[in-house]
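**Q** Just one file: data-v5.txt, with compact mmCIF, C-alpha atoms.
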# COMPACT_ATOMS: atom_id res chain seq x y z
CA MET A 138 40.86 36.59 30.44
CA LYS A 139 44.27 35.05 30.03
CA THR A 140 46.33 36.18 27.05
CA PHE A 141 47.04 33.61 24.42
CA LYS A 142 50.42 33.51 22.76
CA LEU A 143 50.80 31.20 19.83
CA GLU A 144 54.57 30.87 20.13
CA ASN A 145 54.50 29.69 23.75
CA GLU A 146 51.84 26.96 23.40
CA PRO A 147 52.94 23.35 22.73
CA LYS A 148 52.61 22.26 19.13
CA ILE A 149 50.45 19.32 18.06
CA LYS A 150 52.24 16.85 15.83
CA SER A 151 50.57 16.02 12.54
CA GLY A 152 49.41 12.47 11.93
CA PHE A 153 51.13 12.46 8.58
CA LYS A 154 54.79 11.91 7.91
CA THR A 155 56.83 11.87 4.76
CA PRO A 156 57.78 8.49 3.38
CA ASP A 157 61.35 7.33 2.92
CA HIS A 158 63.42 9.20 0.38
CA ASN A 159 63.31 6.26 -2.13
CA TYR A 160 59.59 5.70 -1.81
CA PHE A 161 58.51 7.35 -5.09
CA ASP A 162 61.41 5.88 -7.09
CA ASP A 163 60.03 2.36 -7.06
CA PHE A 164 56.34 3.24 -6.41
CA SER A 165 55.14 2.45 -9.95
CA GLU A 166 56.90 -0.94 -9.90
CA LYS A 167 55.14 -1.88 -6.62
CA VAL A 168 51.74 -0.92 -7.99
CA LEU A 169 52.26 -2.90 -11.20
CA GLN A 170 53.30 -5.97 -9.22
CA GLN A 171 50.15 -5.80 -7.14
CA LEU A 172 48.01 -5.43 -10.27
CA ASN A 173 49.61 -8.45 -11.91
CA GLU A 174 49.06 -10.60 -8.84
CA LYS A 175 45.32 -9.98 -8.59
CA GLU A 176 43.75 -10.44 -11.98
CA VAL A 177 39.98 -10.14 -11.82
CA LYS A 178 37.77 -11.76 -14.40
CA VAL A 179 35.54 -9.08 -15.89
CA ILE A 180 32.18 -10.15 -17.29
CA PRO A 181 30.58 -7.63 -19.62
CA PHE A 182 27.02 -6.61 -18.78
CA TYR A 183 25.61 -7.81 -22.09
CA LYS A 184 27.04 -11.33 -21.57
CA ARG A 185 25.43 -11.90 -18.17
CA LYS A 186 22.78 -14.51 -17.75
CA LYS A 187 19.27 -13.47 -18.62
CA THR A 188 17.85 -14.45 -15.20
CA PHE A 189 18.25 -10.96 -13.77
CA SER A 190 16.43 -9.35 -16.66
CA LEU A 191 13.67 -11.97 -16.55
CA ALA A 192 13.18 -11.45 -12.82
CA ALA A 193 13.03 -7.69 -13.31
CA ALA A 194 10.48 -8.10 -16.10
CA ALA A 195 8.34 -10.35 -13.89
CA VAL A 196 8.38 -7.84 -11.04
CA ILE A 197 7.41 -4.99 -13.37
CA GLY A 198 4.64 -7.13 -14.87
CA PHE A 199 3.16 -7.92 -11.47
CA ALA A 200 3.43 -4.27 -10.45
CA LEU A 201 1.42 -3.27 -13.53
CA LEU A 202 -1.25 -5.89 -12.84
CA ILE A 203 -2.00 -4.71 -9.29
CA PRO A 204 -4.10 -1.66 -10.30
CA ILE A 205 -6.01 -3.72 -12.85
CA VAL A 206 -6.92 -6.37 -10.27
CA ASN A 207 -7.94 -3.72 -7.71
CA ASN A 208 -10.10 -1.97 -10.32
CA TYR A 209 -11.75 -5.27 -11.23
CA ARG A 210 -12.62 -5.98 -7.62
CA THR A 211 -14.10 -2.54 -6.96
CA THR A 212 -16.33 -2.59 -10.05
CA SER A 213 -18.02 -5.84 -9.14
CA SER A 214 -21.83 -5.80 -8.92
CA ASP A 215 -21.94 -6.93 -5.28
CA PHE A 216 -23.19 -4.25 -2.90
CA ASP A 217 -23.20 -4.33 0.81
CA GLU A 218 -26.50 -3.84 2.56
CA ALA A 219 -25.68 -0.43 4.04
CA THR A 220 -24.83 1.04 0.65
CA LEU A 221 -28.01 -0.29 -0.91
CA GLU A 222 -30.16 0.91 1.98
CA THR A 223 -28.63 4.38 1.86
CA TYR A 224 -29.15 4.60 -1.89
CA LEU A 225 -32.78 3.57 -1.66
CA SER A 226 -33.55 5.89 1.25
CA TYR A 227 -32.26 8.98 -0.59
CA GLN A 228 -34.04 8.26 -3.88
CA SER A 229 -37.32 10.15 -3.71
CA ASN A 230 -38.71 8.77 -6.97
CA ILE A 231 -38.71 5.14 -5.77
CA SER A 232 -41.82 4.06 -3.92
CA GLN A 233 -42.44 0.93 -1.91
CA TYR A 234 -44.64 -0.40 -4.71
CA ASP A 235 -41.77 -0.14 -7.18
CA LEU A 236 -39.63 -2.17 -4.81
CA ILE A 237 -42.35 -4.78 -4.30
CA GLN A 238 -42.69 -5.30 -8.05
CA LYS A 239 -38.98 -6.09 -8.34
CA LEU A 240 -39.01 -8.80 -5.64
CA ASP A 241 -39.26 -12.49 -6.56
CA ASP A 242 -40.86 -15.21 -4.47
CA SER A 243 -37.42 -16.32 -3.29
CA ASP A 244 -36.60 -12.76 -2.16
CA ILE A 245 -39.84 -12.57 -0.18
CA GLU A 246 -39.08 -15.93 1.48
CA LYS A 247 -35.62 -14.69 2.45
CA LEU A 248 -37.14 -11.55 3.97
CA ASN A 249 -39.66 -13.63 5.95
CA ASN A 250 -36.90 -15.86 7.30
CA GLU A 251 -34.71 -12.92 8.31
CA ILE A 252 -37.42 -10.92 10.10
CA ASN A 253 -38.58 -12.55 13.30
CA LEU A 254 -40.48 -10.05 15.44
CA GLU A 255 -42.04 -10.94 18.72
CA ASP A 256 -45.44 -9.58 19.65
CA GLU A 257 -44.04 -7.37 22.42
CA THR A 258 -41.53 -5.79 20.06
CA LEU A 259 -44.22 -5.09 17.49
CA GLU A 260 -46.51 -3.58 20.15
CA ASP A 261 -43.69 -1.34 21.42
CA ILE A 262 -42.96 -0.07 17.93
CA LEU A 263 -46.63 0.66 17.22
CA SER A 264 -47.23 2.33 20.58
CA THR A 265 -44.24 4.67 20.31
CA SER A 266 -44.79 5.58 16.66
CA PRO A 267 -46.24 9.09 16.21
CA ASN A 268 -47.81 8.28 12.85
CA ILE A 269 -49.59 5.03 13.64
CA GLU A 270 -52.60 5.98 11.50
CA HIS A 271 -50.34 6.21 8.47
CA LEU A 272 -48.84 2.77 9.18
CA ILE A 273 -52.29 1.22 9.59
CA SER A 274 -53.61 2.77 6.39
CA GLU A 275 -50.63 1.37 4.44
CA GLN A 276 -51.46 -2.18 5.50
CA ASN A 277 -54.94 -2.04 3.92
Before we go any further, please render this structure as structure tokens.

**A**
Amino acid sequence: MKTFKLENEPKIKSGFKTPDHNYFDDFSEKVLQQLNEKEVKVIPFYKRKKTFSLAAAAVIGFALLIPIVNNYRTTSSDFDEATLETYLSYQSNISQYDLIQKLDDSDIEKLNNEINLEDETLEDILSTSPNIEHLISEQN
């Protein structure tokens, strides 16, 4: 490795230089002149218009209403069909007769309109069902 000698290497000049010798004598006068030229109108915070505070209050109010609206929507009494079907299938104390007693004539008509089975489909279901005797005995 090459030896490094600090005295022999070229020096890097600093980016700073000292100002003229009279610079600090009249420095305060120059600063005061610049301050007097640019006078800025200062408005105290308490004298500002109320529009900013009203807008902030409206945003906070809407932010507080969002959870209430979401909670209202989730607690509605409307259920989707999958949730209702899952609930009824896992309740062992509800029989088909209990369900039939709760149906109105309009509900039965809706069920008849929604279920359209062809004869071939019905035959396929009955032929592949392992407990066909149980299904037949329920119909009587």

**Q** Grab the atom CA of Leu248 of chain A to atom CA of Leu263 of chain A distance for me, in Å with one decimal place.

**A**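 Separating atom CA of Leu248 of chain A from atom CA of Leu263 of chain A is a distance of 20.4 Å.
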
**Q** In Å, how far is it from atom CA of Glu222 of chain A to atom CA of Val206 of chain A?

**A**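 So the two atoms, atom CA of Glu222 of chain A and atom CA of Val206 of chain A, lie 27.3 Å apart.
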
**Q** Would you mind reading off the distance between atom CA of Ser274 of chain A and atom CA of Ile237 of chain A, one decimal, in Å?

**A**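 Computing it gives 17.3 Å between the two atoms.
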
**Q** Enclose the full set of atoms of segment 194-211 of chain A listed in the file within a box whose edges lie along x, y and z, apply 8 Å of padding to each of the six sides, and report centre and edge lengths in Å to one decimal as JSON.

**A**
{"center_x": -1.8, "center_y": -6.0, "center_z": -11.5, "size_x": 40.6, "size_y": 24.7, "size_z": 25.1}
